[in-house]
Amino acid sequence: MRDLLTPTVLIPLLAMLAIQSLMSMADFAVPVLAPEAAVDIGVAATLIGTWVAGLYGAAMVSGLAAGPWVQRYGAIRVSQAALVLSAAGLGLFVLAHPATAMLSAICLGVAYGTANPASSGVLARHTPARWRAFVFSVKQSGVTLGGALAGAITPVLAAWYGWQAATLILAAVLVLLALLVQPTRTRIDIPSDPGTPRSKVSIMAPIRLILAHRLLRWLTVAAVLYSGVQVCLFSFLVVYLTGAVGMPLTIAGFAYAAFQSGGIAGRIFWGGIAGGVVSARALLILLGLTTACLLIVIALFAQLWPIAIVFVLSVVLGGCALGWNGLYMSEVARLAPDGRIGEATGGAQFFFFAGAMVVPPAFGLLVDLSGGYDIPFTVIAVMSVCASTAVALANDPAPEPQEG
């Protein structure tokens with residue numbers, strides 16, 4: 001533990017955790033505010049699935065290019081630019097027009113796609129190998145921490161000042177963080193290489209790198225399914241609780257915060273025991289099966305259910321449905337060839353962002369076609385079981401190739 005609690009490890013981890021948290025909060029604030037914002041924009045709240053698809057579609061592309069960007073400009077500079085771009089995306093969203101709303105999704109997505117490639121190289125370089133799964137899981141808990149903050153804070157700000165002012169307040173905080181992380185640049189970044197040619201930005205190289213590893217191919221199939229389930233819950237939980245269950249937005253927001261808080265605890269806990277008490281592979285199988293069972297229960301929510309039970313189930317669901325990401329990303333970093341961690345991370349997230357892009361609009365369409373949430377929740381429960389199956393098939397002891 002002593003080698004973990006050093007400035008060499010803690011400063012990069014805290015910097016990247018703060019960046020990940022606030023960028024995620026910006027992304028999740030939109031689905032949380034969707035029930036109110038949709039009225040002013042003039043669209044149905046269930047179209048949040050289309051907005052999310054635009055965000056993750058943009059993130060898929062930017063993630064593939066982020067590795068060379070990080071090599072050329074440094075992880076902190078790329079992260080600073082992403083924070084400012086996220087703030088601009090929120091500014092576009094408050095204009096309350098369908099076109100600017102989709103432009104905001106693209107800006108937020110381009111920014112979000114750089115987060116993992118920028119942080120993975122920094123954390124892998126500064127973290128002892130035996131703590132890598134834990135540190136990556138802590139950093140990835142920033143995604144759920146951002147979601148928890150979005151669920152707890154943005155509905156309250158919207159109630160006080162209106163949803164547009166709440167969104168602009170968050171945009172200002174993003175710009176402030178971009179300024180605050182500047183002093184860490186010389187301490188935790190490797191020197192940037194301005195001579196890196198722009199032609200090195202290759203869309204296909206990160207994809208080939210992932211496909212060259214047999215174990216990563218199976219794990220990535222699981223990641224596509226897991227991410228689709230995860231982002232459906234990110235996108236529709238508040239809409240489901242307010243529209244189908246009948247909760248007020250503030251209570252639904254706190255349930256969303258409870259769900260995300262469970263994700264924070266789950267990611268840290270699973271990362272802490274991975275490779276010790278139980279393998280990461282076994283944990284991923286367990287998380288998928290448990291999530292499937294919980295999704296069936298969540299579909300049975302009704303207005304007469306005690307709020308405490310809804311909150312407890314939200315916490316447990318978050319711990320399971322959101323707990324896989326850090327385990328997966330640490331494995332990608334471990335298996336990546338030397339000097340190509342950012343590139344491998346970009347390739348990995350290309351695939352699981354694909355699930356995040358495709359599944360939420362399909363979920364929203366199923367809600368509209370079926371007139372409820374029973375069938376959509378059943379479908380993503382089956383997806384979760386299939387994800388566990390894919391992880392179970394990733395059981396090949398053959399050595400992984402080192403170059404793709």
# chains A, B, ... in the order shown; residues from 1 in each chain; ligands from 1

$ closest_atom_pairs --of "region 34-61 of chain A" --to "region 220-229 of chain A" --cutoff "12 Å" --atoms "only C-alpha atoms" --output "JSON lines"
{"residue": "A:Gly49", "atom": "CA", "partner": "A:Gly228", "partner_atom": "CA", "distance": 11.2}
{"residue": "A:Val52", "atom": "CA", "partner": "A:Gly228", "partner_atom": "CA", "distance": 11.0}
{"residue": "A:Ala53", "atom": "CA", "partner": "A:Gly228", "partner_atom": "CA", "distance": 10.5}
{"residue": "A:Tyr56", "atom": "CA", "partner": "A:Ser227", "partner_atom": "CA", "distance": 10.8}

$ write_last_selection --atoms "C-alpha atoms" --output "PDB file, in the first residue's frame"
ATOM      1  CA  GLY A  49     -31.323   8.117 -26.892  1.00  0.00           C
ATOM      2  CA  VAL A  52     -26.578   9.945 -26.636  1.00  0.00           C
ATOM      3  CA  ALA A  53     -25.914   8.135 -29.924  1.00  0.00           C
ATOM      4  CA  TYR A  56     -20.812   8.348 -28.482  1.00  0.00           C
TER       5      TYR A  56
END

$ select_by_dssp --residues "region 116-283 of chain A" --states "helix (DSSP H, G or I)" --output "JSON, numbers by chain"
{"A": [116, 117, 118, 119, 120, 121, 122, 123, 124, 125, 126, 129, 130, 131, 132, 133, 134, 135, 136, 137, 138, 139, 140, 141, 142, 143, 144, 145, 146, 147, 148, 149, 150, 151, 152, 153, 154, 155, 156, 157, 158, 159, 160, 161, 163, 164, 165, 166, 167, 168, 169, 170, 171, 172, 173, 174, 175, 176, 177, 178, 179, 180, 182, 183, 184, 185, 186, 187, 188, 198, 199, 200, 204, 205, 206, 207, 208, 209, 210, 211, 214, 215, 216, 217, 218, 219, 220, 221, 222, 223, 224, 225, 226, 227, 228, 229, 230, 231, 232, 233, 234, 235, 236, 237, 238, 239, 240, 241, 242, 243, 249, 250, 251, 252, 253, 254, 255, 256, 257, 258, 259, 260, 261, 262, 263, 264, 265, 266, 267, 268, 269, 270, 271, 272, 273, 280, 281, 282, 283]}

$ residues_around --residues "Tyr256 (chain A)" --least-positions-apart "6" --cutoff "9 Å" --atoms "only C-alpha atoms" --output "NGL selection string"
:A and (32 or 147-148 or 150-152 or 234 or 237-238 or 311 or 314-315)

$ closest_residue --among "A:Ile19, A:Ala37, A:Ile106, A:Val30" --to "Leu176 (chain A)" --atoms "only C-alpha atoms"
A:Ile19

$ closest_residue --among "A:Pro376, A:Gly54, A:Pro128, A:Gly74" --to "Thr184 (chain A)" --atoms "only C-alpha atoms"
A:Gly74

$ closest_residue --among "A:Gly253, A:Gly57, A:Gly91, A:Gly263" --to "Pro31 (chain A)" --atoms "only C-alpha atoms"
A:Gly253

$ closest_residue --among "A:Leu393, A:Val358, A:Leu216, A:Ala258" --to "Val312 (chain A)" --atoms "only C-alpha atoms"
A:Ala258

$ closest_residue --among "A:Leu157, A:Ile210, A:Leu300, A:Ala282" --to "Gly372 (chain A)" --atoms "only C-alpha atoms"
A:Leu300

$ residues_around --residues "Leu10 (chain A)" --least-positions-apart "4" --cutoff "10 Å" --atoms "only C-alpha atoms" --output "PDB file with C-alpha atoms, in the first residue's frame"
ATOM      1  CA  LEU A   4       0.433   3.462  -3.856  1.00  0.00           C
ATOM      2  CA  LEU A   5       0.223   6.392  -1.421  1.00  0.00           C
ATOM      3  CA  THR A   6       3.002   8.461  -2.961  1.00  0.00           C
ATOM      4  CA  LEU A  14      -6.342  12.816  -8.624  1.00  0.00           C
ATOM      5  CA  ALA A  15      -5.816  15.021 -11.678  1.00  0.00           C
ATOM      6  CA  MET A  16      -7.223  12.437 -14.071  1.00  0.00           C
ATOM      7  CA  LEU A 123      -1.611   6.204 -15.037  1.00  0.00           C
ATOM      8  CA  HIS A 126       3.117   6.166 -12.807  1.00  0.00           C
ATOM      9  CA  THR A 127       1.377   3.162 -11.199  1.00  0.00           C
ATOM     10  CA  VAL A 135      -5.973   2.638  -9.880  1.00  0.00           C
TER      11      VAL A 135
END

$ residues_around --residues "Ala26 (chain A)" --least-positions-apart "2" --cutoff "8 Å" --atoms "only C-alpha atoms" --output "PyMOL selection string"
chain A and resi 22-24+28-30+86-87+90+108+146+150+170-171
